[in-house]
Amino acid sequence: VVLEEVMSELSLGPNGSLIYCMEYLEKNFDWLLNEIKGKGEKCYFLFDVPGQVELYSHHESLSRLFDLIQKNAEIQICTVHLVDSHHCSDAGKFISSLMLSLSAMLRIGLPHVNVLTKVDLLRKHSDKLQFGLDFYTDVLDLNYLLDALDNDSFTSKYRKLNAAMTSIIEDYSLVSFTLLDVFKEESLIKVKIVADRANGFGFNVN
């Protein structure tokens, strides 16, 4: 199924077409299963899914597809959720990214790794960060973010809402981030190892 063809033939927008494609793939799961099994047993699959949040925040096709793959193809799946690291430069955007990451973890219900991408750019502009990188990767004390939001004339009006959202994130205590620099091989390998460990593999890898 091709997104552009769906948009043209059914006169749907990009988001509606993506949902149609996922539902179509789910309905024709036998094709996907044959493709997976046809690759043999010793394969490492990478399913690159669209970044539109509607597919996993408001719809269940992706979750159902992952469930079908695990049950019928007998392979373990780990979700790797990518977040653009430029969100770290704005407290409000970072809290939104945390909420989206937490929502994805709970909605999809699979072993999950959150990744901050484009770290090479983030390091070049580290002067725009209010805190050190460890603060954004470990997500330990979000009260500092609330203080930053209080100093903004717009976001300070929503202090109670901001406090409620950070409280939810801290109560679950599930969200943390791995850094990714696509220009460094060791960074790519690290993300792979973290994903393998989340799946229960690779514990002997240093």
# chains A, B, ... in the order shown; residues from 1 in each chain; ligands from 1
call {"tool": "select_by_dssp", "arguments": {"residues": "range 138-205 of chain A", "states": "alpha helix (DSSP H)", "output": "ChimeraX atom specification"}}
result
/A:138,143-150,159-172,185-198
call {"tool": "write_last_selection", "arguments": {"atoms": "C-alpha atoms", "output": "tab-separated table (two decimals), in the first residue's frame"}}
result
chain	number	residue	atom	x	y	z
A	138	ASP	CA	17.99	11.17	33.44
A	143	ASN	CA	10.88	21.18	39.64
A	144	TYR	CA	13.69	23.04	37.90
A	145	LEU	CA	11.62	23.03	34.72
A	146	LEU	CA	8.66	24.46	36.62
A	147	ASP	CA	10.85	27.30	37.84
A	148	ALA	CA	11.90	27.99	34.24
A	149	LEU	CA	8.28	28.03	33.12
A	150	ASP	CA	7.38	30.43	35.94
A	159	ARG	CA	1.55	26.74	36.55
A	160	LYS	CA	-1.05	24.31	37.97
A	161	LEU	CA	-1.30	22.47	34.67
A	162	ASN	CA	2.50	22.35	34.30
A	163	ALA	CA	2.85	21.07	37.86
A	164	ALA	CA	0.22	18.38	37.24
A	165	MET	CA	1.99	17.16	34.09
A	166	THR	CA	5.44	17.03	35.69
A	167	SER	CA	3.92	15.21	38.67
A	168	ILE	CA	2.49	12.54	36.35
A	169	ILE	CA	5.86	12.07	34.66
A	170	GLU	CA	7.69	11.79	37.98
A	171	ASP	CA	5.05	9.48	39.52
A	172	TYR	CA	5.47	6.96	36.70
A	185	GLU	CA	29.28	4.83	14.95
A	186	GLU	CA	29.73	4.20	18.67
A	187	SER	CA	26.58	6.24	19.36
A	188	LEU	CA	24.55	4.12	16.92
A	189	ILE	CA	25.94	0.93	18.45
A	190	LYS	CA	25.02	2.15	21.93
A	191	VAL	CA	21.40	2.71	20.93
A	192	LYS	CA	21.29	-0.79	19.43
A	193	ILE	CA	22.71	-2.30	22.63
A	194	VAL	CA	20.20	-0.39	24.77
A	195	ALA	CA	17.35	-1.67	22.57
A	196	ASP	CA	18.68	-5.25	22.73
A	197	ARG	CA	18.91	-5.09	26.51
A	198	ALA	CA	15.38	-3.73	26.76
call {"tool": "select_by_dssp", "arguments": {"residues": "range 44-107 of chain A", "states": "strand (DSSP E or B)", "output": "ChimeraX atom specification"}}
result
/A:79-84
call {"tool": "residues_around", "arguments": {"residues": "Gln130 in chain A", "least_positions_apart": "3", "cutoff": "10 Å", "atoms": "only C-alpha atoms", "output": "number ranges by chain"}}
result
A: 88-91, 126-127, 133, 135, 144-145, 148
call {"tool": "residues_around", "arguments": {"residues": "range 31-43 of chain A", "least_positions_apart": "5", "cutoff": "9 Å", "atoms": "only C-alpha atoms", "output": "number ranges by chain"}}
result
A: 25-26, 68-69, 72-73
call {"tool": "write_last_selection", "arguments": {"atoms": "N, CA, C and O atoms", "output": "CSV table (one decimal), in the first residue's frame"}}
result
chain,number,residue,atom,x,y,z
A,25,LEU,N,-2.7,-2.6,6.2
A,25,LEU,CA,-1.7,-3.5,6.5
A,25,LEU,C,-2.1,-4.5,7.6
A,25,LEU,O,-1.8,-5.7,7.5
A,26,GLU,N,-2.8,-4.0,8.6
A,26,GLU,CA,-3.3,-4.9,9.6
A,26,GLU,C,-4.3,-5.9,9.0
A,26,GLU,O,-4.3,-7.1,9.4
A,68,LEU,N,0.4,-8.7,16.7
A,68,LEU,CA,0.3,-9.8,15.8
A,68,LEU,C,1.7,-10.3,15.4
A,68,LEU,O,1.9,-11.5,15.2
A,69,ILE,N,2.6,-9.4,15.2
A,69,ILE,CA,4.0,-9.8,14.8
A,69,ILE,C,4.6,-10.6,15.9
A,69,ILE,O,5.2,-11.7,15.6
A,72,ASN,N,2.7,-14.1,16.0
A,72,ASN,CA,2.7,-15.0,14.9
A,72,ASN,C,4.1,-15.2,14.3
A,72,ASN,O,4.4,-16.2,13.7
A,73,ALA,N,5.0,-14.2,14.4
A,73,ALA,CA,6.3,-14.3,13.8
A,73,ALA,C,7.3,-14.8,14.9
A,73,ALA,O,8.5,-15.1,14.6
call {"tool": "closest_residue", "arguments": {"among": "A:Asn151, A:His125, A:Val119, A:Asn15", "to": "Lys184 in chain A", "atoms": "only C-alpha atoms"}}
result
A:Val119
call {"tool": "closest_residue", "arguments": {"among": "A:Ser101, A:Leu82, A:Met22, A:Phe94", "to": "Arg64 in chain A", "atoms": "only C-alpha atoms"}}
result
A:Met22
call {"tool": "closest_residue", "arguments": {"among": "A:Ile19, A:Leu140, A:Leu129, A:Cys78", "to": "Tyr44 in chain A", "atoms": "only C-alpha atoms"}}
result
A:Cys78
call {"tool": "residues_around", "arguments": {"residues": "Tyr24 in chain A", "least_positions_apart": "2", "cutoff": "12 Å", "atoms": "only C-alpha atoms", "output": "PyMOL selection string"}}
result
chain A and resi 1-3+6+17-22+26-32+61-62+65
